[in-house]
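The next block is structure.tsv, given as TSV, C-alpha atoms and all ligand atoms.
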chain	number	residue	atom	x	y	z
A	162	MET	CA	49.55	69.57	-61.67
A	163	GLU	CA	50.50	68.71	-58.10
A	164	SER	CA	46.91	68.83	-56.88
A	165	THR	CA	45.57	66.33	-59.41
A	166	SER	CA	48.34	63.75	-59.74
A	167	PHE	CA	50.82	61.79	-57.72
A	168	ILE	CA	54.31	63.27	-58.23
A	169	LEU	CA	57.24	60.89	-57.76
A	170	GLU	CA	60.69	62.23	-56.87
A	171	LYS	CA	64.14	60.95	-55.89
A	172	ALA	CA	64.11	59.32	-52.42
A	173	TYR	CA	66.77	58.71	-49.78
A	174	CYS	CA	66.67	55.92	-47.20
A	175	PRO	CA	63.96	56.91	-44.67
A	176	VAL	CA	65.83	55.09	-41.89
A	177	CYS	CA	69.51	56.13	-42.27
A	178	GLY	CA	69.22	59.00	-44.77
A	179	GLN	CA	71.78	57.51	-47.18
A	180	ASP	CA	71.55	56.91	-50.91
A	181	ILE	CA	73.43	53.61	-51.10
A	182	SER	CA	70.84	51.20	-52.47
A	183	LYS	CA	70.27	48.35	-54.86
A	184	PRO	CA	67.08	47.69	-56.86
A	185	TRP	CA	64.89	45.21	-54.98
A	186	LYS	CA	61.32	44.75	-56.27
A	187	ARG	CA	58.70	46.38	-58.44
A	188	TYR	CA	55.11	46.65	-57.19
A	189	LYS	CA	51.89	47.69	-58.90
A	190	ILE	CA	49.22	49.81	-57.20
A	191	SER	CA	46.96	47.44	-55.28
A	192	ARG	CA	44.65	49.66	-53.18
A	193	ARG	CA	42.37	52.66	-53.63
A	194	LYS	CA	42.51	52.37	-57.42
A	195	SER	CA	39.52	54.70	-57.66
A	196	ASN	CA	41.42	57.59	-56.02
A	197	ALA	CA	41.68	60.42	-58.58
A	198	LEU	CA	45.31	61.14	-57.69
A	199	LEU	CA	46.41	57.63	-58.65
A	200	GLN	CA	44.82	57.38	-62.09
A	201	GLY	CA	48.08	58.17	-63.95
A	202	LEU	CA	49.98	55.45	-62.08
A	203	LEU	CA	47.69	52.43	-62.32
A	204	ASP	CA	49.80	50.80	-65.07
A	205	THR	CA	53.14	51.83	-63.55
A	206	GLU	CA	55.38	49.48	-61.62
A	207	LEU	CA	56.80	51.34	-58.63
A	208	GLN	CA	60.45	50.63	-57.84
A	209	PHE	CA	61.53	49.59	-54.35
A	210	VAL	CA	65.21	49.46	-53.37
A	211	GLN	CA	67.14	48.05	-50.43
A	212	CYS	CA	69.54	50.32	-48.53
A	213	GLN	CA	72.99	48.77	-48.38
A	214	LYS	CA	73.79	50.49	-45.08
A	215	CYS	CA	70.78	49.68	-42.83
A	216	LEU	CA	69.04	47.04	-45.06
A	217	HIS	CA	65.75	48.99	-45.09
A	218	HIS	CA	63.44	48.64	-48.12
A	219	TYR	CA	61.84	51.79	-49.57
A	220	MET	CA	60.21	53.25	-52.65
A	221	ASP	CA	62.56	55.21	-54.92
A	222	PRO	CA	61.39	57.38	-56.59
A	223	ALA	CA	58.75	58.11	-53.91
A	224	PRO	CA	55.75	60.47	-53.73
A	225	SER	CA	56.51	64.13	-53.00
A	226	GLU	CA	55.39	65.52	-49.63
A	227	ASN	CA	52.73	67.61	-51.41
A	228	SER	CA	51.38	64.51	-53.15
A	229	LEU	CA	51.18	62.65	-49.84
A	230	GLN	CA	49.32	65.53	-48.18
A	231	HIS	CA	46.79	65.67	-51.01
A	232	TYR	CA	46.44	61.90	-50.95
A	233	TYR	CA	45.81	61.61	-47.20
A	234	GLY	CA	43.48	64.60	-47.27
A	235	SER	CA	41.42	63.30	-50.19
A	236	ASN	CA	38.87	61.10	-48.47
A	237	TYR	CA	41.63	58.57	-47.84
A	238	PHE	CA	39.61	56.26	-45.64
A	239	SER	CA	36.29	56.71	-47.40
A	240	ASN	CA	37.90	54.97	-50.40
A	241	ASP	CA	38.67	51.91	-48.31
A	242	ALA	CA	35.58	49.99	-47.22
A	243	SER	CA	37.70	47.78	-44.94
A	244	ALA	CA	39.06	50.72	-42.87
A	245	ASN	CA	35.81	51.03	-40.89
A	246	HIS	CA	36.21	54.78	-40.43
A	247	ASN	CA	33.54	57.43	-40.14
A	248	SER	CA	31.36	55.09	-38.13
A	249	VAL	CA	30.33	55.22	-34.48
A	250	LEU	CA	33.36	54.84	-32.22
A	251	LYS	CA	32.67	52.01	-29.80
A	252	LEU	CA	35.06	49.64	-28.06
A	253	THR	CA	34.08	45.99	-28.39
A	254	LEU	CA	35.11	43.22	-26.01
A	255	ALA	CA	37.57	42.01	-28.68
A	256	ASP	CA	39.13	45.51	-28.88
A	257	ARG	CA	39.57	45.66	-25.12
A	258	PHE	CA	41.10	42.15	-25.01
A	259	PHE	CA	43.48	42.93	-27.90
A	260	TYR	CA	44.68	46.26	-26.44
A	261	SER	CA	45.09	44.79	-22.94
A	262	CYS	CA	46.90	41.61	-23.96
A	263	CYS	CA	48.71	42.39	-27.20
A	264	ARG	CA	49.89	46.00	-26.95
A	265	PRO	CA	52.59	47.44	-24.64
A	266	GLN	CA	51.07	49.58	-21.88
A	267	PRO	CA	51.95	53.07	-20.60
A	268	PRO	CA	54.33	52.86	-17.61
A	269	LYS	CA	52.09	54.15	-14.81
A	270	LYS	CA	48.61	55.35	-13.94
A	271	ALA	CA	47.58	58.65	-15.53
A	272	SER	CA	50.55	58.67	-17.93
A	273	ARG	CA	50.84	61.44	-20.49
A	274	VAL	CA	50.33	59.59	-23.77
A	275	LEU	CA	50.60	60.63	-27.41
A	276	GLU	CA	49.34	58.43	-30.24
A	277	ILE	CA	50.42	59.42	-33.75
A	278	GLY	CA	48.08	58.29	-36.52
A	279	PRO	CA	45.25	57.05	-34.25
A	280	GLY	CA	43.34	55.68	-37.25
A	281	ASN	CA	39.79	54.89	-36.23
A	282	GLY	CA	40.57	56.31	-32.75
A	283	LYS	CA	39.71	53.14	-30.82
A	284	HIS	CA	43.13	52.60	-29.23
A	285	LEU	CA	43.32	56.27	-28.16
A	286	LEU	CA	39.81	56.05	-26.70
A	287	TRP	CA	40.77	52.89	-24.82
A	288	LEU	CA	43.87	54.60	-23.38
A	289	GLU	CA	41.69	57.51	-22.27
A	290	LYS	CA	39.21	55.19	-20.59
A	291	LYS	CA	42.14	53.56	-18.73
A	292	GLY	CA	42.75	56.95	-17.11
A	293	HIS	CA	45.68	58.24	-19.15
A	294	HIS	CA	45.97	61.84	-20.39
A	295	VAL	CA	45.83	61.29	-24.14
A	296	GLN	CA	46.60	63.38	-27.18
A	297	GLY	CA	46.46	62.40	-30.86
A	298	LEU	CA	48.22	63.62	-34.00
A	299	ASP	CA	47.07	62.83	-37.51
A	300	TYR	CA	48.21	63.61	-41.02
A	301	GLY	CA	45.02	64.26	-42.93
A	302	ASP	CA	41.50	65.29	-42.07
A	303	TYR	CA	40.15	63.70	-38.93
A	304	PRO	CA	36.36	63.70	-38.83
A	305	LYS	CA	34.80	63.78	-35.35
A	306	VAL	CA	32.67	60.69	-34.92
A	307	THR	CA	30.02	59.77	-32.41
A	308	GLY	CA	31.71	58.30	-29.35
A	309	GLY	CA	35.05	60.02	-29.99
A	310	GLU	CA	34.07	63.63	-29.23
A	311	SER	CA	36.35	63.82	-26.19
A	312	LEU	CA	39.51	62.89	-28.09
A	313	ASN	CA	41.95	65.73	-28.70
A	314	ILE	CA	43.42	65.00	-32.13
A	315	GLN	CA	45.50	67.65	-33.90
A	316	VAL	CA	45.90	67.42	-37.66
A	317	GLY	CA	48.72	68.67	-39.86
A	318	ASN	CA	52.02	67.29	-41.11
A	319	ILE	CA	55.24	66.18	-39.47
A	320	ALA	CA	56.97	69.52	-40.00
A	321	SER	CA	54.12	71.44	-38.30
A	322	TRP	CA	53.62	69.14	-35.31
A	323	ASP	CA	55.23	70.46	-32.13
A	324	PHE	CA	55.23	70.00	-28.36
A	325	PRO	CA	57.60	71.18	-25.62
A	326	ASP	CA	60.52	68.84	-24.86
A	327	HIS	CA	59.82	66.10	-22.30
A	328	SER	CA	56.01	66.31	-22.69
A	329	PHE	CA	55.10	62.60	-22.72
A	330	ASP	CA	55.70	59.38	-20.76
A	331	PHE	CA	54.64	57.20	-23.66
A	332	ILE	CA	54.35	57.75	-27.42
A	333	CYS	CA	52.91	55.11	-29.71
A	334	CYS	CA	52.10	54.67	-33.38
A	335	TYR	CA	50.73	51.60	-35.10
A	336	TRP	CA	50.84	51.06	-38.87
A	337	VAL	CA	52.07	54.61	-39.44
A	338	LEU	CA	55.83	54.65	-40.06
A	339	GLU	CA	55.51	52.64	-43.29
A	340	HIS	CA	53.58	55.66	-44.68
A	341	VAL	CA	56.16	58.24	-43.58
A	342	LYS	CA	58.71	59.72	-45.93
A	343	ASP	CA	60.75	61.80	-43.49
A	344	THR	CA	61.17	59.12	-40.85
A	345	ARG	CA	64.28	60.77	-39.43
A	346	LEU	CA	62.46	64.03	-38.62
A	347	PHE	CA	59.59	61.95	-37.13
A	348	LEU	CA	61.96	60.05	-34.80
A	349	THR	CA	63.92	63.17	-33.86
A	350	LYS	CA	60.71	64.89	-32.72
A	351	ILE	CA	59.48	61.85	-30.78
A	352	PHE	CA	62.82	61.58	-28.95
A	353	LYS	CA	62.59	65.26	-27.91
A	354	TRP	CA	58.94	65.04	-26.81
A	355	LEU	CA	59.54	62.02	-24.56
A	356	LYS	CA	60.55	62.41	-20.95
A	357	PRO	CA	63.86	60.67	-20.03
A	358	GLY	CA	62.94	57.06	-19.26
A	359	GLY	CA	59.84	57.33	-21.47
A	360	SER	CA	58.97	54.77	-24.13
A	361	PHE	CA	58.26	54.88	-27.83
A	362	VAL	CA	56.20	51.94	-29.14
A	363	PHE	CA	55.59	51.28	-32.80
A	364	GLY	CA	54.11	48.52	-34.92
A	365	VAL	CA	54.92	48.09	-38.63
A	366	PRO	CA	54.50	45.38	-41.27
A	367	ASN	CA	57.33	42.82	-41.51
A	368	VAL	CA	58.59	42.69	-45.09
A	369	GLU	CA	60.64	39.58	-44.36
A	370	CYS	CA	57.60	37.37	-43.70
A	371	PRO	CA	56.91	34.57	-46.22
A	372	ASP	CA	53.53	36.07	-47.23
A	373	ALA	CA	55.29	39.28	-48.34
A	374	LYS	CA	57.65	37.26	-50.56
A	375	PHE	CA	54.92	35.02	-51.98
A	376	PHE	CA	52.07	37.48	-52.66
A	377	GLY	CA	54.11	40.50	-53.89
A	378	SER	CA	51.80	43.45	-54.63
A	379	TYR	CA	48.88	41.50	-53.10
A	380	TRP	CA	50.57	40.90	-49.74
A	381	HIS	CA	47.97	42.37	-47.39
A	382	HIS	CA	50.52	44.75	-45.84
A	383	ALA	CA	52.17	45.82	-49.10
A	384	VAL	CA	49.42	48.46	-49.70
A	385	ILE	CA	50.89	50.13	-52.75
A	386	PRO	CA	51.40	53.14	-53.07
A	387	ASP	CA	50.64	54.02	-49.41
A	388	HIS	CA	53.44	51.99	-47.82
A	389	ILE	CA	56.53	53.74	-49.17
A	390	SER	CA	58.72	52.23	-46.43
A	391	GLN	CA	58.90	48.51	-45.72
A	392	PHE	CA	60.50	47.52	-42.42
A	393	SER	CA	62.18	44.37	-41.23
A	394	MET	CA	63.23	43.65	-37.62
A	395	PRO	CA	66.89	44.66	-38.36
A	396	SER	CA	65.96	47.97	-40.04
A	397	ALA	CA	63.42	48.79	-37.31
A	398	GLU	CA	66.04	48.17	-34.60
A	399	TYR	CA	68.58	50.22	-36.54
A	400	MET	CA	66.13	53.13	-36.67
A	401	LEU	CA	65.62	53.12	-32.89
A	402	THR	CA	69.29	52.85	-31.90
A	403	ASP	CA	70.34	55.39	-34.54
A	404	HIS	CA	68.13	57.98	-32.80
A	405	GLY	CA	69.41	57.25	-29.30
A	406	PHE	CA	66.73	54.82	-28.08
A	407	LYS	CA	67.54	51.63	-26.21
A	408	VAL	CA	65.54	48.70	-27.63
A	409	THR	CA	63.76	47.21	-24.60
A	410	HIS	CA	61.26	44.93	-26.32
A	411	LYS	CA	60.64	43.47	-29.77
A	412	LYS	CA	58.22	40.87	-31.01
A	413	TYR	CA	56.76	39.24	-34.08
A	414	ASP	CA	53.05	39.87	-33.47
A	415	LEU	CA	50.79	36.95	-32.70
A	416	LEU	CA	47.86	38.31	-34.72
A	417	SER	CA	48.49	39.44	-38.29
A	418	PHE	CA	46.18	37.22	-40.40
A	419	ASP	CA	48.39	37.75	-43.45
A	420	THR	CA	47.78	34.62	-45.45
A	421	GLN	CA	43.97	34.72	-45.68
A	422	LEU	CA	43.90	38.51	-46.04
A	423	SER	CA	46.49	38.35	-48.85
A	424	ILE	CA	44.36	35.76	-50.66
A	425	TRP	CA	41.38	38.12	-50.15
A	426	ASP	CA	43.41	40.98	-51.71
A	427	TRP	CA	44.49	38.74	-54.59
A	428	CYS	CA	40.89	37.72	-55.38
A	429	MET	CA	39.67	41.32	-55.16
A	430	GLY	CA	42.54	42.68	-57.25
A	431	ASN	CA	42.43	40.07	-60.00
A	432	TRP	CA	38.77	39.06	-60.17
A	433	GLY	CA	36.89	41.71	-58.18
A	434	ILE	CA	35.54	38.93	-55.97
A	435	ASN	CA	34.93	39.79	-52.31
A	436	THR	CA	35.60	36.47	-50.55
A	437	PRO	CA	34.61	36.00	-46.86
A	438	LEU	CA	38.26	35.59	-45.83
A	439	GLN	CA	38.16	38.85	-43.83
A	440	SER	CA	35.51	37.43	-41.54
A	441	SER	CA	36.07	36.59	-37.88
A	442	PHE	CA	35.45	32.91	-38.70
A	443	PHE	CA	38.51	32.67	-40.95
A	444	LYS	CA	40.57	34.72	-38.51
A	445	LEU	CA	39.70	32.24	-35.76
A	446	LEU	CA	40.63	29.34	-38.05
A	447	SER	CA	44.13	30.73	-38.43
A	448	LEU	CA	44.75	31.19	-34.68
A	449	PRO	CA	46.37	27.75	-34.09
A	450	PHE	CA	49.10	28.71	-36.59
A	451	ALA	CA	49.71	32.15	-35.06
A	452	PRO	CA	52.18	31.12	-32.30
A	453	ILE	CA	54.19	29.08	-34.83
A	454	LYS	CA	54.41	31.96	-37.29
A	455	SER	CA	55.38	34.35	-34.49
A	456	ALA	CA	58.09	32.03	-33.12
A	457	LEU	CA	59.59	31.57	-36.60
A	458	GLY	CA	59.58	35.33	-37.32
A	459	TRP	CA	57.00	34.76	-40.07
A	460	SER	CA	54.37	37.15	-38.69
A	461	GLY	CA	53.33	39.98	-41.00
A	462	LEU	CA	53.57	42.56	-38.21
A	463	ILE	CA	56.31	43.48	-35.74
A	464	THR	CA	56.21	45.65	-32.61
A	465	LEU	CA	59.20	47.29	-30.96
A	466	VAL	CA	59.68	49.41	-27.84
A	467	GLY	CA	62.49	51.95	-27.52
A	468	GLU	CA	63.31	53.67	-24.24
A	469	LYS	CA	64.77	57.17	-24.05
A	470	PRO	CA	67.75	56.80	-21.69
A	471	VAL	CA	67.77	58.70	-18.40
A	472	GLU	CA	70.68	61.13	-18.59
B	1	ZN	ZN	69.37	53.02	-44.85
For the file at hand, write its structure as structure tokens.
Ligand SMILES: [Zn+2]
Amino acid sequence: MESTSFILEKAYCPVCGQDISKPWKRYKISRRKSNALLQGLLDTELQFVQCQKCLHHYMDPAPSENSLQHYYGSNYFSNDASANHNSVLKLTLADRFFYSCCRPQPPKKASRVLEIGPGNGKHLLWLEKKGHHVQGLDYGDYPKVTGGESLNIQVGNIASWDFPDHSFDFICCYWVLEHVKDTRLFLTKIFKWLKPGGSFVFGVPNVECPDAKFFGSYWHHAVIPDHISQFSMPSAEYMLTDHGFKVTHKKYDLLSFDTQLSIWDWCMGNWGINTPLQSSFFKLLSLPFAPIKSALGWSGLITLVGEKPVE
């Protein structure tokens, strides 16, 4: 039954919509193995293909929309101890430094901002505290937490989300598009909702980084079966330009911590051992290598900005 299992169905390229692909890799489920919906798939290798038109990598067959809705509504974050959800929402000094220095900013004071998939809500709260008029959209249930009561976050699915044309100066989403099946509908809506001259910012994992190739299913950003779409810089740029955006900025993120977090995933997945590699100490140790990885395009995360042209 749809409500108790994960249904896989034929998929088309989420970026260009075509069905011109070659088999690429097979992954095993690596996260949330206790989720009831995934029990029938734990021994299955899920097929990923590479689109021969836009070079995007995606799962085919992929979960049905109904399966995804059940999955993201079924205590998604409470099954992931590392997600740090459902706790008190409080911005730390590190959060404020990271958002100020590492994330593209809205264009002016009191911008109208939409964040899709605000996760633990910290970035949206930070934008609100900077004086912007913020709105959030999320896929599954979004529990109100202490400290985040003021945030206006609508829940639903991509098909049901709607705003008038030209509603926002700035739309952002981080670590969301790799979960999305109907990426083309998602981008079409964002383009309509933005004012001319407005910006769309998104961050996604970089499937072309060496850690992705080396660690396979245990690459920290593989997250099987959640990440049904795996972007590279070329496929991410293709997606923006194909929907009418002008790419104004792109970067291989400085902070992605892939290597130690992938080793952590590997130890947890194979031996059930929770190593301290997620700690701030090990993150700090890796910082001297971060600029080198970024300059070489080896970072596990990429961020792009697309501008809606002024007509
Ligand atoms: Zn494609």
Please identify all polymer residues within 9 Å of segment 197-212 of chain A, counting only C-alpha atoms, omitting same-chain residues fewer than 4 positions from it, and present them as a CSV table (one decimal) with C-alpha atoms, keeping the file's coordinate frame.
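See around-v9.csv below for the written result:
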chain,number,residue,atom,x,y,z
A,164,SER,CA,46.9,68.8,-56.9
A,165,THR,CA,45.6,66.3,-59.4
A,166,SER,CA,48.3,63.8,-59.7
A,167,PHE,CA,50.8,61.8,-57.7
A,173,TYR,CA,66.8,58.7,-49.8
A,174,CYS,CA,66.7,55.9,-47.2
A,176,VAL,CA,65.8,55.1,-41.9
A,177,CYS,CA,69.5,56.1,-42.3
A,179,GLN,CA,71.8,57.5,-47.2
A,180,ASP,CA,71.6,56.9,-50.9
A,181,ILE,CA,73.4,53.6,-51.1
A,182,SER,CA,70.8,51.2,-52.5
A,183,LYS,CA,70.3,48.4,-54.9
A,184,PRO,CA,67.1,47.7,-56.9
A,185,TRP,CA,64.9,45.2,-55.0
A,186,LYS,CA,61.3,44.8,-56.3
A,187,ARG,CA,58.7,46.4,-58.4
A,188,TYR,CA,55.1,46.6,-57.2
A,189,LYS,CA,51.9,47.7,-58.9
A,190,ILE,CA,49.2,49.8,-57.2
A,191,SER,CA,47.0,47.4,-55.3
A,193,ARG,CA,42.4,52.7,-53.6
A,216,LEU,CA,69.0,47.0,-45.1
A,217,HIS,CA,65.8,49.0,-45.1
A,218,HIS,CA,63.4,48.6,-48.1
A,219,TYR,CA,61.8,51.8,-49.6
A,220,MET,CA,60.2,53.2,-52.6
A,221,ASP,CA,62.6,55.2,-54.9
A,222,PRO,CA,61.4,57.4,-56.6
A,223,ALA,CA,58.8,58.1,-53.9
A,228,SER,CA,51.4,64.5,-53.2
A,231,HIS,CA,46.8,65.7,-51.0
A,232,TYR,CA,46.4,61.9,-51.0
A,235,SER,CA,41.4,63.3,-50.2
A,385,ILE,CA,50.9,50.1,-52.8
A,386,PRO,CA,51.4,53.1,-53.1
A,389,ILE,CA,56.5,53.7,-49.2
A,390,SER,CA,58.7,52.2,-46.4
Go through A:Ala172, A:Ile332, A:Leu438, A:Leu298 and flag the residue nearest ligand ZN 1 (chain B), using only C-alpha atoms and all ligand atoms for the distances. A:Ala172
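Considering the residues A:Val466, A:Val249, A:Val365, A:Leu457 and counting all atoms listed in the file, Phe331 of chain A has its shortest atom-to-atom contact with A:Val466.
Nearest residue to ligand ZN 1 (chain B), choosing from A:Gln266, A:Asn313, A:Gln391, A:Ser321 and counting all atoms listed in the file: A:Gln391.
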What is the atom CA of Asp372 of chain A-atom CA of Gly458 of chain A distance in Å, reported with one decimal? 11.6 Å
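Going from atom CA of Gly364 of chain A over to atom CA of Gly461 of chain A, you cover 10.5 Å.
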I'd like to know which of A:Asn318, A:Gln230, A:Thr349, A:Ser393 is closest to ligand ZN 1 (chain B), using only C-alpha atoms and all ligand atoms. A:Ser393
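Across A:Arg192, A:Trp459, A:Ala397, A:Gly405, the tightest approach to Ala383 of chain A is made by A:Arg192 when counting only C-alpha atoms.
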Centre and edge lengths of an axis-aligned box around all listed atoms of segment 392-409 of chain A, with 8 Å added on each side, are to be given in Å to one decimal, as JSON.
{"center_x": 65.4, "center_y": 50.8, "center_z": -33.5, "size_x": 25.8, "size_y": 30.3, "size_z": 33.8}
Tell me which of A:Lys270, A:Arg257, A:Lys290, A:His381 sits closest to Met429 of chain A, counting only C-alpha atoms. A:His381
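The space separating atom CA of Asn281 of chain A from atom CA of Leu355 of chain A comes to 24.0 Å.
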Just want the 9 Å neighbourhood of Tyr300 of chain A, counted on all atoms listed in the file, with same-chain residues fewer than 6 positions away dropped. Output as a ChimeraX atom specification. /A:230,233-234,277-278,315-319
